[in-house]
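Colleague: Right, I'll just put the structure down here and ask away after.
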Amino acid sequence: DAGVTQSPTHLIKTRGQQVTLRCSPKSGHDTVSWYQQALGQGPQFIFQYYEEEERQRGNFPDRFSGHQFPNYSSELNVNALLLGDSALYLCASSPGPSGVYEQYFGPGTRLTVT
Amino acid sequence: RKEVEQDPGPFNVPEGATVAFNCTYSNSASQSFFWYRQDCRKEPKLLMSVYSSGNEDGRFTAQLNRASQYISLLIRDSKLSDSATYLCVAYNNNDMRFGAGTRLTVKP
């Protein structure tokens, strides 16, 4: 049983560029949440997707957008990258939007903006 | 003020020691609470949920005090493998708020 997978593992982008990160949830999970973790900080909630819709959003600008596909996989898009967007981006899946007791994280994508 | 605040650490303890981490949360509407463990350059993994009555899982004991909006984690008989960052989490309405984490190093 594959857990949560994310791609790519690492990414280097230049300021102003756009990036797309991908996540496949754990088998049996239909809800995907995205987090940003800066160095030395805890993960910060970006948004959650369920039934292909954004259900909840944290305090992140509109440059951060996402999508969920019918197979429950998800993408995170960040436009007009800033140096401050450099972080580890974590995807977490759960069985339903309130399935926090069974939330599993993927290994993350480490984004560096230069 | 951050919604979830933790002891900054780092905690450096010898094997076999007992160590306690504290955490406070500011949103009184928070419904559920968790402790996650995160190893260096790895993803967070759920360690245990925290209940008002307190709960224990082997060497780990978690306590919640809703009146004081305070959560704790006690680790007894520390092992080298317990070395990690411990993240406190408060959950409300599909929004999980993580603390910045407390780093623990267990030394031989």
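We name chains A, B, ... following the order of the structure tokens; residues begin at 1 in each chain, and ligands are numbered from 1 as shown.
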Using only C-alpha atoms, I'd like every residue of chain B that has an atom within 6 Å of chain A; please write them out as a PyMOL selection string.
Modeller: chain B and resi 43+98-100
Colleague: I'd like to know which of A:Ser7, A:Val78, A:Leu83, A:Ser27 is closest to A:Phe60, using only C-alpha atoms.
Modeller: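 With only C-alpha atoms as the atom set, the closest residue is A:Val78.
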Colleague: As a PDB file with N, CA and C atoms, in the first residue's frame, list the residues of chain A assigned to helix (DSSP H, G or I) by DSSP on the backbone atoms of this structure.
Modeller:
ATOM      1  N   LEU A  83      11.487  35.154  -2.997  1.00  0.00           N
ATOM      2  CA  LEU A  83      12.527  34.457  -2.241  1.00  0.00           C
ATOM      3  C   LEU A  83      11.938  33.781  -1.005  1.00  0.00           C
ATOM      4  N   GLY A  84      10.962  34.429  -0.388  1.00  0.00           N
ATOM      5  CA  GLY A  84      10.330  33.926   0.830  1.00  0.00           C
ATOM      6  C   GLY A  84       9.489  32.685   0.619  1.00  0.00           C
ATOM      7  N   ASP A  85       9.287  32.307  -0.630  1.00  0.00           N
ATOM      8  CA  ASP A  85       8.537  31.076  -0.904  1.00  0.00           C
ATOM      9  C   ASP A  85       9.418  29.837  -0.771  1.00  0.00           C
ATOM     10  N   VAL A 100      -8.715  13.923  10.469  1.00  0.00           N
ATOM     11  CA  VAL A 100      -7.410  14.346  10.980  1.00  0.00           C
ATOM     12  C   VAL A 100      -6.729  13.280  11.812  1.00  0.00           C
ATOM     13  N   TYR A 101      -7.513  12.342  12.376  1.00  0.00           N
ATOM     14  CA  TYR A 101      -6.904  11.303  13.193  1.00  0.00           C
ATOM     15  C   TYR A 101      -6.167  10.282  12.329  1.00  0.00           C
ATOM     16  N   GLU A 102      -6.363  10.391  11.010  1.00  0.00           N
ATOM     17  CA  GLU A 102      -5.684   9.477  10.088  1.00  0.00           C
ATOM     18  C   GLU A 102      -5.018  10.266   8.971  1.00  0.00           C
TER      19      GLU A 102
END
Colleague: Between A:Tyr50, A:Leu76, A:Val113, A:Thr5, which is the closest to A:Val32 once you count only C-alpha atoms?
Modeller: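 Ranking A:Tyr50, A:Leu76, A:Val113, A:Thr5 by distance to A:Val32, first place goes to A:Tyr50.
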Colleague: Give me the residues within 7 Å of B:Tyr36 as a compact mmCIF listing (two decimals) with C-alpha atoms, in the first residue's frame, counting only C-alpha atoms and dropping any in the same chain fewer than 4 places off.
Modeller:
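File around.txt, as written:
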# COMPACT_ATOMS: atom_id res chain seq x y z
CA PRO B 44 5.89 14.89 10.24
CA LYS B 45 4.38 11.68 11.57
CA LEU B 46 1.51 11.44 14.00
CA LEU B 47 2.78 10.42 17.43
CA MET B 48 -0.46 10.57 19.37
CA TYR B 86 8.15 17.30 18.42
CA LEU B 87 5.33 19.39 16.97
CA CYS B 88 2.23 20.37 18.92
Colleague: Skip stretch 28-34 of chain B itself and residues of its chain fewer than 5 positions away, then list as a list in words all residues within 6 Å of it, counting only C-alpha atoms.
Modeller: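 So the residues in contact are Met48, Ser49, Val50, Val89, Ala90, Tyr91 and Asn92 of chain B.
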Colleague: Applying 8 Å and only C-alpha atoms, which residues near A:Thr31 remain after dropping the ones on its own chain fewer than 6 positions away? List them as a list in words.
Modeller: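 Residues meeting the cut-off are Pro25, Gln48, Tyr49, Tyr50, Glu51, Tyr72, Ser93, Ser94, Pro95, Gly96 and Pro97 of chain A.
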Colleague: Save the residues we just selected, N, CA and C atoms, as a compact mmCIF listing (two decimals), in the first residue's frame?
Modeller:
# COMPACT_ATOMS: atom_id res chain seq x y z
N PRO A 25 -2.46 10.97 -3.04
CA PRO A 25 -2.80 10.60 -1.67
C PRO A 25 -2.62 9.12 -1.40
N GLN A 48 -7.02 23.06 1.72
CA GLN A 48 -7.46 21.67 1.69
C GLN A 48 -8.40 21.46 0.51
N TYR A 49 -8.25 20.30 -0.16
CA TYR A 49 -9.13 19.95 -1.27
C TYR A 49 -9.90 18.68 -0.97
N TYR A 50 -11.17 18.73 -1.29
CA TYR A 50 -12.05 17.58 -1.12
C TYR A 50 -13.12 17.66 -2.20
N GLU A 51 -13.42 16.56 -2.85
CA GLU A 51 -14.40 16.53 -3.94
C GLU A 51 -14.07 17.59 -4.99
N TYR A 72 -8.31 11.95 -7.02
CA TYR A 72 -7.96 12.52 -5.72
C TYR A 72 -6.56 13.12 -5.65
N SER A 93 -2.70 13.61 3.24
CA SER A 93 -4.00 13.08 2.83
C SER A 93 -4.72 12.48 4.03
N SER A 94 -6.03 12.44 3.91
CA SER A 94 -6.86 11.89 4.99
C SER A 94 -8.14 11.33 4.39
N PRO A 95 -8.83 10.44 5.12
CA PRO A 95 -10.10 9.88 4.65
C PRO A 95 -11.24 10.84 4.97
N GLY A 96 -11.45 11.83 4.16
CA GLY A 96 -12.47 12.83 4.43
C GLY A 96 -11.87 14.10 5.01
N PRO A 97 -12.55 15.22 4.87
CA PRO A 97 -11.99 16.50 5.34
C PRO A 97 -11.82 16.59 6.84
Colleague: For B:Arg76, work out the shell of residues within 7 Å, counting only C-alpha atoms and skipping chain neighbours fewer than 3 positions away, then give it as a ChimeraX atom specification.
Modeller: /B:17-19,59-60
Colleague: Please identify all polymer residues within 9 Å of B:Leu64, counting only C-alpha atoms, omitting same-chain residues fewer than 6 positions from it, and present them as a list in words.
Modeller: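 The neighbour list is Phe33, Val50, Tyr51, Ser52, Ser53, Gly54, Tyr70, Ile71 and Ser72 of chain B.
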Colleague: Would you work out the distance separating atom CA of B:Ser81 from atom CA of A:Ser86, expressed in Å to one decimal?
Modeller: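 These two atoms are separated by 29.4 Å.
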